[in-house]
file model_25.cif (mmCIF, C-alpha atoms and all ligand atoms)
data_upload
#
loop_
_atom_site.label_atom_id
_atom_site.label_comp_id
_atom_site.auth_asym_id
_atom_site.auth_seq_id
_atom_site.Cartn_x
_atom_site.Cartn_y
_atom_site.Cartn_z
CA MET K 459 179.81 54.92 -24.38
CA ASP K 460 180.59 51.50 -22.90
CA LEU K 461 177.33 49.67 -22.24
CA THR K 462 178.77 46.38 -20.95
CA TYR K 463 178.30 45.50 -17.26
CA THR K 464 181.28 45.40 -14.88
CA ALA K 465 182.28 42.37 -12.78
CA GLU K 466 180.80 44.11 -9.73
CA GLU K 467 177.50 44.63 -11.54
CA GLU K 468 177.47 41.00 -12.63
CA ALA K 469 178.04 40.00 -8.98
CA PHE K 470 174.97 42.11 -8.09
CA ARG K 471 173.05 40.15 -10.76
CA THR K 472 174.06 36.81 -9.24
CA ARG K 473 173.07 37.86 -5.71
CA LEU K 474 169.75 39.16 -6.94
CA ARG K 475 169.09 36.02 -8.99
CA ASP K 476 169.69 33.86 -5.91
CA TRP K 477 167.46 36.05 -3.77
CA LEU K 478 164.65 35.93 -6.35
CA ALA K 479 164.87 32.14 -6.58
CA ALA K 480 164.50 31.86 -2.79
CA SER K 481 161.90 34.61 -2.30
CA LEU K 482 159.41 34.36 -5.15
CA PRO K 483 157.91 31.06 -3.96
CA THR K 484 156.96 32.79 -0.67
CA LEU K 485 154.79 35.42 -2.44
CA PRO K 486 151.01 34.86 -2.09
CA PRO K 487 149.13 34.11 -5.33
CA ALA K 488 148.48 37.19 -7.50
CA PRO K 489 144.95 38.66 -7.18
CA SER K 490 142.59 38.88 -10.16
CA PRO K 491 143.35 41.85 -12.46
CA ASP K 492 140.26 43.84 -11.43
CA ASP K 493 140.62 43.35 -7.67
CA TRP K 494 142.20 46.77 -6.98
CA PRO K 495 142.41 46.51 -3.14
CA GLY K 496 143.90 43.01 -3.63
CA ARG K 497 146.36 44.30 -6.20
CA ARG K 498 147.36 47.16 -3.95
CA ALA K 499 148.03 44.71 -1.10
CA TYR K 500 149.99 42.39 -3.38
CA ASP K 501 152.08 45.13 -5.05
CA THR K 502 152.93 46.86 -1.77
CA ALA K 503 153.82 43.51 -0.15
CA TRP K 504 156.26 42.88 -3.01
CA GLN K 505 157.80 46.34 -2.57
CA ARG K 506 158.14 45.61 1.17
CA MET K 507 159.94 42.34 0.43
CA LEU K 508 162.35 44.19 -1.86
CA TYR K 509 162.86 46.88 0.77
CA ASP K 510 163.59 44.37 3.54
CA ALA K 511 166.12 42.64 1.29
CA GLY K 512 167.90 45.93 0.48
CA TYR K 513 166.48 46.32 -3.04
CA GLY K 514 163.76 48.90 -2.18
CA GLU K 515 165.71 51.79 -3.67
CA VAL K 516 166.81 50.01 -6.79
CA HIS K 517 164.80 52.32 -9.10
CA TRP K 518 166.62 55.30 -7.57
CA ASP K 519 169.99 53.63 -7.32
CA ALA K 520 173.06 55.83 -7.54
CA ALA K 521 174.38 53.21 -9.97
CA PRO K 522 171.61 53.20 -12.63
CA THR K 523 172.91 50.08 -14.33
CA ARG K 524 171.77 48.14 -11.26
CA ARG K 525 168.24 49.17 -12.13
CA LEU K 526 168.64 47.73 -15.61
CA ILE K 527 170.04 44.49 -14.21
CA PHE K 528 167.22 44.43 -11.66
CA LEU K 529 164.64 44.75 -14.43
CA GLU K 530 166.27 42.05 -16.54
CA GLU K 531 166.46 39.63 -13.63
CA THR K 532 163.01 40.26 -12.14
CA GLU K 533 161.46 39.83 -15.57
CA ARG K 534 163.46 36.65 -16.21
CA ALA K 535 162.29 35.25 -12.86
CA GLY K 536 158.65 36.19 -13.53
CA ALA K 537 158.56 38.54 -10.49
CA PRO K 538 155.79 41.15 -10.18
CA TYR K 539 156.48 44.61 -11.56
CA VAL K 540 155.79 47.88 -9.66
CA GLY K 541 151.99 47.77 -10.26
CA ALA K 542 150.15 50.13 -7.88
CA ASN K 543 153.50 51.61 -6.82
CA PHE K 544 154.08 52.99 -10.34
CA VAL K 545 153.46 56.70 -9.68
CA GLY K 546 155.12 56.82 -6.26
CA LEU K 547 158.21 54.86 -7.20
CA LEU K 548 158.70 56.03 -10.73
CA HIS K 549 157.71 59.70 -10.88
CA ALA K 550 156.19 61.28 -7.71
CA GLY K 551 159.01 59.95 -5.51
CA PRO K 552 161.80 60.94 -7.92
CA THR K 553 160.22 64.43 -8.23
CA ILE K 554 160.16 64.86 -4.45
CA ALA K 555 163.74 63.58 -4.28
CA ALA K 556 164.80 66.18 -6.86
CA GLU K 557 162.63 69.15 -5.85
CA GLY K 558 161.45 68.62 -2.25
CA THR K 559 162.95 70.04 0.93
CA ALA K 560 164.83 67.76 3.35
CA GLU K 561 161.67 67.56 5.50
CA GLN K 562 159.49 66.66 2.53
CA ARG K 563 161.91 63.98 1.38
CA GLN K 564 161.92 62.56 4.91
CA ARG K 565 158.10 62.59 5.08
CA TRP K 566 157.28 60.97 1.74
CA LEU K 567 160.20 58.96 0.39
CA PRO K 568 160.64 56.23 3.05
CA PRO K 569 156.94 55.16 2.95
CA ILE K 570 157.12 54.92 -0.86
CA LEU K 571 160.23 52.76 -0.67
CA ARG K 572 158.77 50.55 2.07
CA GLY K 573 155.55 50.08 0.08
CA ASP K 574 153.53 51.69 2.90
CA GLU K 575 151.94 54.45 0.81
CA ILE K 576 150.96 54.60 -2.81
CA TRP K 577 150.40 57.59 -5.07
CA CYS K 578 148.26 58.62 -7.99
CA GLN K 579 148.69 61.42 -10.52
CA GLY K 580 146.14 64.25 -10.68
CA PHE K 581 147.35 66.17 -13.72
CA SER K 582 144.73 65.76 -16.49
CA GLU K 583 141.39 67.57 -16.45
CA PRO K 584 138.44 67.36 -18.85
CA ASP K 585 139.75 70.36 -20.84
CA ALA K 586 143.43 70.10 -19.97
CA GLY K 587 145.14 66.94 -21.22
CA SER K 588 147.64 67.64 -23.99
CA ASP K 589 147.27 71.34 -23.19
CA LEU K 590 148.04 70.63 -19.54
CA ALA K 591 148.83 74.23 -18.63
CA SER K 592 145.16 75.12 -19.22
CA LEU K 593 144.17 73.31 -16.01
CA ARG K 594 141.51 75.05 -13.92
CA THR K 595 141.42 73.25 -10.56
CA LYS K 596 142.01 76.15 -8.23
CA ALA K 597 143.75 76.41 -4.87
CA VAL K 598 143.07 79.45 -2.72
CA ARG K 599 145.29 80.27 0.26
CA ASP K 600 143.59 80.17 3.67
CA GLY K 601 146.20 80.57 6.43
CA ASP K 602 148.55 77.61 6.27
CA SER K 603 146.28 75.64 3.91
CA TYR K 604 145.12 75.72 0.32
CA ILE K 605 141.41 75.20 -0.33
CA VAL K 606 141.25 73.16 -3.53
CA THR K 607 138.20 72.98 -5.83
CA GLY K 608 137.90 71.41 -9.27
CA SER K 609 138.09 68.03 -10.97
CA LYS K 610 140.61 65.63 -12.47
CA ILE K 611 140.16 62.81 -14.95
CA TRP K 612 141.93 59.59 -16.01
CA THR K 613 143.51 59.33 -12.55
CA SER K 614 145.02 55.82 -12.51
CA HIS K 615 144.80 53.95 -9.14
CA ALA K 616 142.87 56.87 -7.54
CA GLU K 617 140.61 54.45 -5.67
CA VAL K 618 143.45 52.83 -3.75
CA ALA K 619 145.95 55.70 -3.50
CA ASP K 620 147.02 57.42 -0.26
CA TRP K 621 148.49 60.50 -1.96
CA CYS K 622 148.00 62.40 -5.19
CA GLU K 623 150.56 64.50 -7.05
CA LEU K 624 148.12 67.28 -7.78
CA LEU K 625 148.45 70.26 -10.13
CA VAL K 626 146.44 73.30 -9.13
CA ARG K 627 146.08 76.91 -10.26
CA THR K 628 147.38 79.22 -7.55
CA GLY K 629 147.98 82.29 -9.70
CA PRO K 630 144.71 83.26 -11.38
CA GLY K 631 145.19 86.03 -13.94
CA THR K 632 148.89 85.16 -14.55
CA PRO K 633 150.09 83.59 -17.85
CA LYS K 634 148.89 79.99 -17.82
CA HIS K 635 152.30 78.34 -17.35
CA ARG K 636 153.21 80.64 -14.45
CA GLY K 637 150.24 80.24 -12.08
CA ILE K 638 150.48 76.49 -11.32
CA SER K 639 151.61 74.72 -8.13
CA TRP K 640 152.44 71.03 -7.46
CA LEU K 641 150.83 69.69 -4.24
CA ALA K 642 150.93 66.39 -2.37
CA MET K 643 147.23 65.85 -1.57
CA PRO K 644 146.15 63.21 0.98
CA MET K 645 143.46 61.10 -0.73
CA ASP K 646 141.51 60.67 2.54
CA ALA K 647 140.93 64.43 2.98
CA PRO K 648 137.25 65.49 3.27
CA GLY K 649 135.76 66.78 0.01
CA ILE K 650 137.31 64.19 -2.36
CA THR K 651 134.98 62.00 -4.45
CA VAL K 652 136.44 59.27 -6.66
CA ARG K 653 134.25 57.87 -9.46
CA PRO K 654 135.79 54.87 -11.28
CA LEU K 655 135.89 54.78 -15.09
CA ARG K 656 135.82 51.46 -16.94
CA THR K 657 138.19 50.90 -19.86
CA LEU K 658 137.56 49.04 -23.12
CA ALA K 659 139.28 46.02 -21.56
CA GLY K 660 136.71 46.06 -18.72
CA SER K 661 139.09 47.23 -16.04
CA ALA K 662 138.30 50.15 -13.68
CA GLU K 663 141.93 51.19 -13.42
CA PHE K 664 141.32 54.90 -13.49
CA ALA K 665 138.78 57.39 -12.22
CA GLU K 666 137.35 60.86 -12.20
CA VAL K 667 138.29 62.75 -9.04
CA PHE K 668 136.10 65.59 -7.80
CA LEU K 669 137.54 68.09 -5.33
CA ASP K 670 135.16 70.17 -3.27
CA GLU K 671 136.96 72.62 -0.97
CA VAL K 672 139.65 70.10 -0.06
CA ARG K 673 142.09 71.44 2.52
CA VAL K 674 145.75 70.75 1.68
CA PRO K 675 148.54 72.12 3.93
CA VAL K 676 150.79 74.71 2.27
CA ALA K 677 153.68 72.61 3.62
CA ASN K 678 152.64 69.93 1.08
CA ARG K 679 153.64 72.12 -1.88
CA ILE K 680 156.69 70.83 -3.75
CA GLY K 681 158.64 73.80 -5.12
CA GLU K 682 157.64 77.45 -4.92
CA GLU K 683 154.10 78.72 -5.30
CA ASN K 684 153.33 79.29 -9.00
CA ASP K 685 156.52 77.45 -10.03
CA GLY K 686 154.65 74.17 -10.47
CA TRP K 687 155.06 74.04 -14.26
CA ARG K 688 158.82 73.67 -13.88
CA VAL K 689 158.31 70.95 -11.23
CA THR K 690 155.81 69.27 -13.57
CA MET K 691 158.43 69.11 -16.33
CA VAL K 692 160.65 67.20 -13.89
CA THR K 693 157.79 64.76 -13.16
CA LEU K 694 157.04 64.27 -16.85
CA SER K 695 160.69 63.74 -17.71
CA PHE K 696 160.78 60.86 -15.21
CA GLU K 697 157.43 59.54 -16.45
CA ARG K 698 158.46 59.58 -20.13
CA GLY K 699 162.19 59.03 -19.75
CA THR K 700 162.54 56.19 -17.28
CA ALA K 701 159.18 55.05 -15.85
CA PHE K 702 158.36 52.64 -18.69
CA VAL K 703 161.72 50.91 -18.93
CA GLY K 704 160.45 47.79 -17.17
CA GLU K 705 157.72 47.41 -19.77
CA VAL K 706 160.32 47.09 -22.52
CA VAL K 707 161.77 44.01 -20.81
CA ALA K 708 158.24 42.61 -20.47
CA CYS K 709 157.57 43.28 -24.17
CA ARG K 710 160.69 41.32 -25.12
CA ARG K 711 159.39 38.35 -23.16
CA THR K 712 155.89 38.66 -24.67
CA LEU K 713 157.45 38.76 -28.13
CA GLY K 714 159.22 35.46 -27.40
CA GLU K 715 155.91 33.94 -26.24
CA LEU K 716 154.19 35.24 -29.34
CA ALA K 717 156.81 33.71 -31.63
CA ALA K 718 156.34 30.40 -29.81
CA ALA K 719 152.54 30.63 -30.25
CA ALA K 720 153.00 31.39 -33.97
CA ARG K 721 155.30 28.39 -34.36
CA GLY K 722 152.52 26.30 -32.88
CA ASN K 723 149.97 27.38 -35.51
CA SER K 724 149.89 27.96 -39.24
CA ARG K 725 150.72 31.67 -38.95
CA TRP K 726 154.44 30.84 -38.72
CA ASP K 727 154.37 29.76 -42.39
CA ASP K 728 153.68 33.36 -43.42
CA PRO K 729 157.01 35.06 -44.23
CA ALA K 730 155.44 38.52 -43.77
CA LEU K 731 154.52 37.65 -40.16
CA ARG K 732 158.00 36.30 -39.45
CA ARG K 733 159.51 39.51 -40.85
CA ARG K 734 157.14 41.54 -38.64
CA LEU K 735 158.20 39.64 -35.52
CA GLY K 736 161.86 40.00 -36.51
CA ARG K 737 161.47 43.74 -36.96
CA LEU K 738 159.84 44.00 -33.51
CA HIS K 739 162.71 41.99 -32.04
CA ALA K 740 165.17 44.50 -33.50
CA GLU K 741 163.04 47.44 -32.35
CA PHE K 742 162.83 46.29 -28.71
CA GLY K 743 166.57 45.56 -28.76
CA ALA K 744 167.21 49.12 -29.97
CA LEU K 745 164.83 50.52 -27.33
CA TRP K 746 166.71 48.66 -24.62
CA ARG K 747 169.97 50.23 -25.84
CA LEU K 748 168.26 53.63 -25.85
CA ILE K 749 167.21 53.06 -22.24
CA GLN K 750 170.76 52.18 -21.24
CA TRP K 751 171.92 55.37 -22.90
CA ASN K 752 169.12 57.50 -21.31
CA VAL K 753 169.78 56.07 -17.85
CA SER K 754 173.53 56.70 -18.12
CA GLU K 755 172.95 60.20 -19.51
CA SER K 756 170.49 61.17 -16.76
CA GLN K 757 173.02 59.98 -14.21
CA ALA K 758 175.63 62.25 -15.75
CA THR K 759 173.27 65.25 -15.61
CA GLY K 760 172.20 64.99 -11.95
CA GLY K 761 169.64 62.19 -12.17
CA VAL K 762 166.77 63.95 -13.99
CA PRO K 763 166.20 62.56 -17.52
CA GLY K 764 166.18 65.12 -20.34
CA VAL K 765 163.72 65.68 -23.20
CA GLY K 766 165.25 62.62 -24.92
CA GLY K 767 162.62 60.72 -22.91
CA SER K 768 160.09 61.87 -25.51
CA VAL K 769 161.98 59.91 -28.20
CA PHE K 770 161.82 56.80 -26.03
CA LYS K 771 158.13 57.32 -25.09
CA LEU K 772 157.15 57.84 -28.73
CA ARG K 773 158.91 54.78 -30.13
CA TYR K 774 158.19 52.51 -27.16
CA SER K 775 154.43 53.15 -27.15
CA HIS K 776 154.14 52.47 -30.90
CA ALA K 777 156.31 49.33 -30.72
CA ARG K 778 154.23 48.01 -27.82
CA GLN K 779 151.06 48.67 -29.79
CA GLU K 780 152.51 46.91 -32.86
CA LEU K 781 153.40 43.94 -30.68
CA TYR K 782 149.76 43.46 -29.69
CA GLU K 783 148.57 44.01 -33.26
CA ALA K 784 150.90 41.17 -34.24
CA ALA K 785 149.43 39.13 -31.37
CA ALA K 786 145.95 39.67 -32.81
CA ASP K 787 147.22 38.43 -36.16
CA VAL K 788 148.76 35.31 -34.61
CA LEU K 789 145.74 34.51 -32.43
CA GLY K 790 142.99 35.36 -34.93
CA PRO K 791 139.43 35.68 -33.49
CA ASP K 792 140.68 34.42 -30.08
CA SER K 793 142.35 37.78 -29.64
CA LEU K 794 138.93 39.32 -28.94
CA ASP K 795 138.03 36.79 -26.27
CA LEU K 796 138.57 38.60 -22.95
CA SER K 797 139.22 35.38 -21.07
CA ARG K 798 142.23 34.54 -23.28
CA ALA K 799 145.81 35.51 -22.59
CA TRP K 800 146.91 38.77 -24.26
CA THR K 801 143.37 40.04 -25.04
CA PRO K 802 143.09 42.57 -22.18
CA GLU K 803 146.65 43.71 -22.96
CA ARG K 804 145.80 44.02 -26.63
CA LEU K 805 142.78 46.23 -25.88
CA SER K 806 144.79 48.30 -23.37
CA SER K 807 147.51 48.77 -25.97
CA LEU K 808 145.26 51.27 -27.76
CA SER K 809 145.91 53.66 -24.86
CA TYR K 810 149.73 53.48 -24.93
CA THR K 811 150.05 56.28 -27.47
CA ILE K 812 147.77 58.50 -25.33
CA ALA K 813 148.77 57.89 -21.69
CA ALA K 814 151.68 59.99 -20.36
CA GLY K 815 151.28 62.40 -23.29
CA THR K 816 150.06 61.60 -26.80
CA SER K 817 152.39 60.79 -29.71
CA GLN K 818 151.50 64.09 -31.37
CA ILE K 819 152.67 65.94 -28.26
CA GLN K 820 155.92 63.91 -28.11
CA GLN K 821 156.49 64.75 -31.78
CA ASN K 822 155.94 68.46 -31.03
CA ILE K 823 158.45 68.27 -28.15
CA ILE K 824 161.03 66.47 -30.30
CA ALA K 825 160.53 68.97 -33.12
CA GLU K 826 160.73 72.10 -30.98
CA ARG K 827 163.04 71.18 -28.10
CA ILE K 828 165.43 68.65 -29.67
CA LEU K 829 165.47 69.57 -33.37
CA GLY K 830 164.98 73.32 -32.75
CA LEU K 831 162.18 73.62 -35.33
CA PRO K 832 159.75 76.55 -35.05
CA LYS K 833 156.66 76.19 -32.84
CA GLY K 834 153.52 74.86 -34.51
CA PRO K 835 150.54 77.18 -35.05
C1 LIG F 901 145.51 54.51 -19.72
C2 LIG F 901 145.62 55.96 -19.34
C3 LIG F 901 146.03 56.29 -18.06
C4 LIG F 901 146.13 57.64 -17.70
N1 LIG F 901 146.48 57.92 -16.42
C5 LIG F 901 146.53 59.23 -16.03
C6 LIG F 901 146.81 59.56 -14.66
O1 LIG F 901 147.03 58.68 -13.82
N2 LIG F 901 146.82 60.85 -14.31
C7 LIG F 901 146.59 61.85 -15.21
O2 LIG F 901 146.65 63.02 -14.83
N3 LIG F 901 146.29 61.58 -16.51
C8 LIG F 901 146.25 60.29 -16.93
N4 LIG F 901 145.94 59.99 -18.24
C9 LIG F 901 145.56 61.09 -19.14
C10 LIG F 901 146.54 61.37 -20.27
O3 LIG F 901 147.69 61.99 -19.77
C11 LIG F 901 145.78 62.24 -21.29
O4 LIG F 901 144.76 61.42 -21.86
C12 LIG F 901 146.68 62.77 -22.39
O5 LIG F 901 147.56 63.72 -21.87
C13 LIG F 901 145.87 63.39 -23.56
O6 LIG F 901 144.99 64.36 -23.10
P1 LIG F 901 143.43 64.32 -23.51
O7 LIG F 901 142.92 62.94 -23.23
O8 LIG F 901 142.76 65.47 -22.81
O9 LIG F 901 143.39 64.52 -25.10
P2 LIG F 901 143.38 65.92 -25.87
O10 LIG F 901 144.36 66.83 -25.28
O11 LIG F 901 141.94 66.36 -25.99
O12 LIG F 901 143.89 65.48 -27.30
C14 LIG F 901 143.02 64.91 -28.31
C15 LIG F 901 143.87 64.69 -29.58
O13 LIG F 901 144.35 65.96 -30.08
C16 LIG F 901 145.77 65.90 -30.23
N5 LIG F 901 146.37 67.20 -29.90
C17 LIG F 901 146.02 68.01 -28.87
N6 LIG F 901 146.81 69.11 -28.85
C18 LIG F 901 147.69 68.97 -29.89
C19 LIG F 901 148.77 69.77 -30.39
N7 LIG F 901 149.12 70.92 -29.83
N8 LIG F 901 149.47 69.31 -31.46
C20 LIG F 901 149.13 68.12 -32.05
N9 LIG F 901 148.11 67.35 -31.64
C21 LIG F 901 147.41 67.75 -30.56
C22 LIG F 901 146.22 64.86 -29.23
O14 LIG F 901 147.47 64.32 -29.57
C23 LIG F 901 145.11 63.83 -29.33
O15 LIG F 901 145.28 62.97 -30.43
C24 LIG F 901 145.83 58.66 -18.64
C25 LIG F 901 145.42 58.34 -19.94
C26 LIG F 901 145.31 56.99 -20.30
C27 LIG F 901 144.85 56.68 -21.70
#
call {"tool": "encode", "arguments": {"input": "model_25.cif", "output": "structure tokens"}}
result
Amino acid sequence: MDLTYTAEEEAFRTRLRDWLAASLPTLPPAPSPDDWPGRRAYDTAWQRMLYDAGYGEVHWDAAPTRRLIFLEETERAGAPYVGANFVGLLHAGPTIAAEGTAEQRQRWLPPILRGDEIWCQGFSEPDAGSDLASLRTKAVRDGDSYIVTGSKIWTSHAEVADWCELLVRTGPGTPKHRGISWLAMPMDAPGITVRPLRTLAGSAEFAEVFLDEVRVPVANRIGEENDGWRVTMVTLSFERGTAFVGEVVACRRTLGELAAAARGNSRWDDPALRRRLGRLHAEFGALWRLIQWNVSESQATGGVPGVGGSVFKLRYSHARQELYEAAADVLGPDSLDLSRAWTPERLSSLSYTIAAGTSQIQQNIIAERILGLPKGP
């Protein structure tokens, strides 16, 4: 597979680089990390600027290499990343594009691309995380609505979201993978209570969501009733296969900053640390190649990434964690001071191997679905 960029793609890079140089100075200052309404406003304003300049659809581009160039250039220029638009742009939107009707695509995709509406993900429940198909939030048909009752947990950005990609049980009494449906739930519907949860790093980025007889139109169901597990696999393949690619570019930059910090203190004299940073450099380089391969492959197979995304998710989340462990080594006790650069990221890094499916679950998927090994007990 040829992974070099064409002259046309390089011309796209130059245009984008020029646009970034002219546009970034016009962005308002970034809000503080825990100001969620402020972050929502900032992230959606950035998406709107991209949209107005013709780059709004870059994550869904028919030419996926443009997305890679976009990520390289926006990172190089220090532009914001997707932020609060993460779920909408990177997995709810792509799922609706792949599985929704023409009407549904028309209703939900343009506002995501314009930065008008943001989404959260209501998959996990207190007793249904890794074993997602055990979810119990139920949806009962009442005319042209579902009445939804139950609770969700770890719902990132729930406080500021307009829509939730919600998994519900519509087929009680059927085998657990067969009775699930995927709904687009408006977050301002009566009966929804959002209770923020604070992370180790002090940020209230996710929440518990309680649903008490929430009315959701049947027309908001993506896919057939009780076929939600299949639709969910599409969502998860986007989430694990392509949603985190921007973070790899960011990790490469952080690694450069870390090496510079180490050169500035005595840690650089330690050959073991230099080897560690060198190994991480090689690892992120390999991950970037894997992304290029995944993105090209998914293009060849109709745009939905395959289970190979689990290989990426597994390696990426460990490498990112190792990066922040190395940062702690370079910074010493300062790495526990929340006001210092990297500390909140270092504390958050503990969650990378859990969010979007734990490493153990990715290993099970790789073993069973890629290597063809027998199912675990
Ligand atoms: C930062 C962050 C953001 C998140 N955002 C969202 C969100 O926006 N929306 C959402 O729906 N969810 C979100 N989640 C939830 C996340 O998807 C779940 O935490 C994850 O799927 C694990 O589920 P659990 O927490 O219930 O752990 P459990 O399923 O209870 O697992 C506990 C441990 O047992 C292991 N285990 C369980 N089953 C097996 C098995 N069969 N084989 C081997 N090991 C196993 C797991 O790997 C894990 O180590 C987020 C989580 C984090 C940390």
call {"tool": "residues_near_ligand", "arguments": {"input": "model_25.cif", "ligand": "ligand LIG 901 (chain F)", "cutoff": "6 Å", "atoms": "all atoms listed in the file", "output": "ChimeraX atom specification"}}
result
/K:578-582,586-589,612-614,809,812-816,818-819
call {"tool": "closest_residue", "arguments": {"input": "model_25.cif", "among": "K:Thr651, K:Thr811, K:Asn678, K:Thr502", "to": "Asp602 of chain K", "atoms": "all atoms listed in the file"}}
result
K:Asn678
call {"tool": "residues_around", "arguments": {"input": "model_25.cif", "residues": "Glu583 of chain K", "least_positions_apart": "5", "cutoff": "9 Å", "atoms": "all atoms listed in the file", "output": "list in words"}}
result
Leu590, Ser592, Leu593, Arg594, Thr595, Gly608, Ser609, Lys610, Ile611, Trp612 and Glu666 of chain K
call {"tool": "axis_aligned_box", "arguments": {"input": "model_25.cif", "around": "segment 783-789 of chain K", "padding_each_side": "3 Å", "output": "AutoDock Vina command-line options"}}
result
--center_x 148.3 --center_y 39.3 --center_z -33.8 --size_x 11.2 --size_y 15.5 --size_z 10.8
call {"tool": "closest_atom_pairs", "arguments": {"input": "model_25.cif", "of": "segment 529-572 of chain K", "to": "segment 467-488 of chain K", "cutoff": "7 Å", "atoms": "all atoms listed in the file", "output": "CSV"}}
result
residue,atom,partner,partner_atom,distance
K:Glu531,CA,K:Arg475,CA,6.4
K:Ala535,CA,K:Leu478,CA,7.0
K:Ala537,CA,K:Leu482,CA,6.8
call {"tool": "atom_distance", "arguments": {"input": "model_25.cif", "atom1": "atom CA of Gly766 of chain K", "atom2": "atom CA of Ala521 of chain K"}}
result
19.9 Å
call {"tool": "residues_around", "arguments": {"input": "model_25.cif", "residues": "Val672 of chain K", "least_positions_apart": "2", "cutoff": "12 Å", "atoms": "all atoms listed in the file", "output": "number ranges by chain"}}
result
K: 595-600, 603-609, 624, 626, 641, 643-651, 667-670, 674-675
call {"tool": "write_last_selection", "arguments": {"input": "model_25.cif", "atoms": "C-alpha atoms", "output": "PDB file, in the coordinates of the input"}}
result
ATOM      1  CA  THR K 595     141.420  73.250 -10.560  1.00  0.00           C
ATOM      2  CA  LYS K 596     142.010  76.150  -8.230  1.00  0.00           C
ATOM      3  CA  ALA K 597     143.750  76.410  -4.870  1.00  0.00           C
ATOM      4  CA  VAL K 598     143.070  79.450  -2.720  1.00  0.00           C
ATOM      5  CA  ARG K 599     145.290  80.270   0.260  1.00  0.00           C
ATOM      6  CA  ASP K 600     143.590  80.170   3.670  1.00  0.00           C
ATOM      7  CA  SER K 603     146.280  75.640   3.910  1.00  0.00           C
ATOM      8  CA  TYR K 604     145.120  75.720   0.320  1.00  0.00           C
ATOM      9  CA  ILE K 605     141.410  75.200  -0.330  1.00  0.00           C
ATOM     10  CA  VAL K 606     141.250  73.160  -3.530  1.00  0.00           C
ATOM     11  CA  THR K 607     138.200  72.980  -5.830  1.00  0.00           C
ATOM     12  CA  GLY K 608     137.900  71.410  -9.270  1.00  0.00           C
ATOM     13  CA  SER K 609     138.090  68.030 -10.970  1.00  0.00           C
ATOM     14  CA  LEU K 624     148.120  67.280  -7.780  1.00  0.00           C
ATOM     15  CA  VAL K 626     146.440  73.300  -9.130  1.00  0.00           C
ATOM     16  CA  LEU K 641     150.830  69.690  -4.240  1.00  0.00           C
ATOM     17  CA  MET K 643     147.230  65.850  -1.570  1.00  0.00           C
ATOM     18  CA  PRO K 644     146.150  63.210   0.980  1.00  0.00           C
ATOM     19  CA  MET K 645     143.460  61.100  -0.730  1.00  0.00           C
ATOM     20  CA  ASP K 646     141.510  60.670   2.540  1.00  0.00           C
ATOM     21  CA  ALA K 647     140.930  64.430   2.980  1.00  0.00           C
ATOM     22  CA  PRO K 648     137.250  65.490   3.270  1.00  0.00           C
ATOM     23  CA  GLY K 649     135.760  66.780   0.010  1.00  0.00           C
ATOM     24  CA  ILE K 650     137.310  64.190  -2.360  1.00  0.00           C
ATOM     25  CA  THR K 651     134.980  62.000  -4.450  1.00  0.00           C
ATOM     26  CA  VAL K 667     138.290  62.750  -9.040  1.00  0.00           C
ATOM     27  CA  PHE K 668     136.100  65.590  -7.800  1.00  0.00           C
ATOM     28  CA  LEU K 669     137.540  68.090  -5.330  1.00  0.00           C
ATOM     29  CA  ASP K 670     135.160  70.170  -3.270  1.00  0.00           C
ATOM     30  CA  VAL K 674     145.750  70.750   1.680  1.00  0.00           C
ATOM     31  CA  PRO K 675     148.540  72.120   3.930  1.00  0.00           C
TER      32      PRO K 675
END
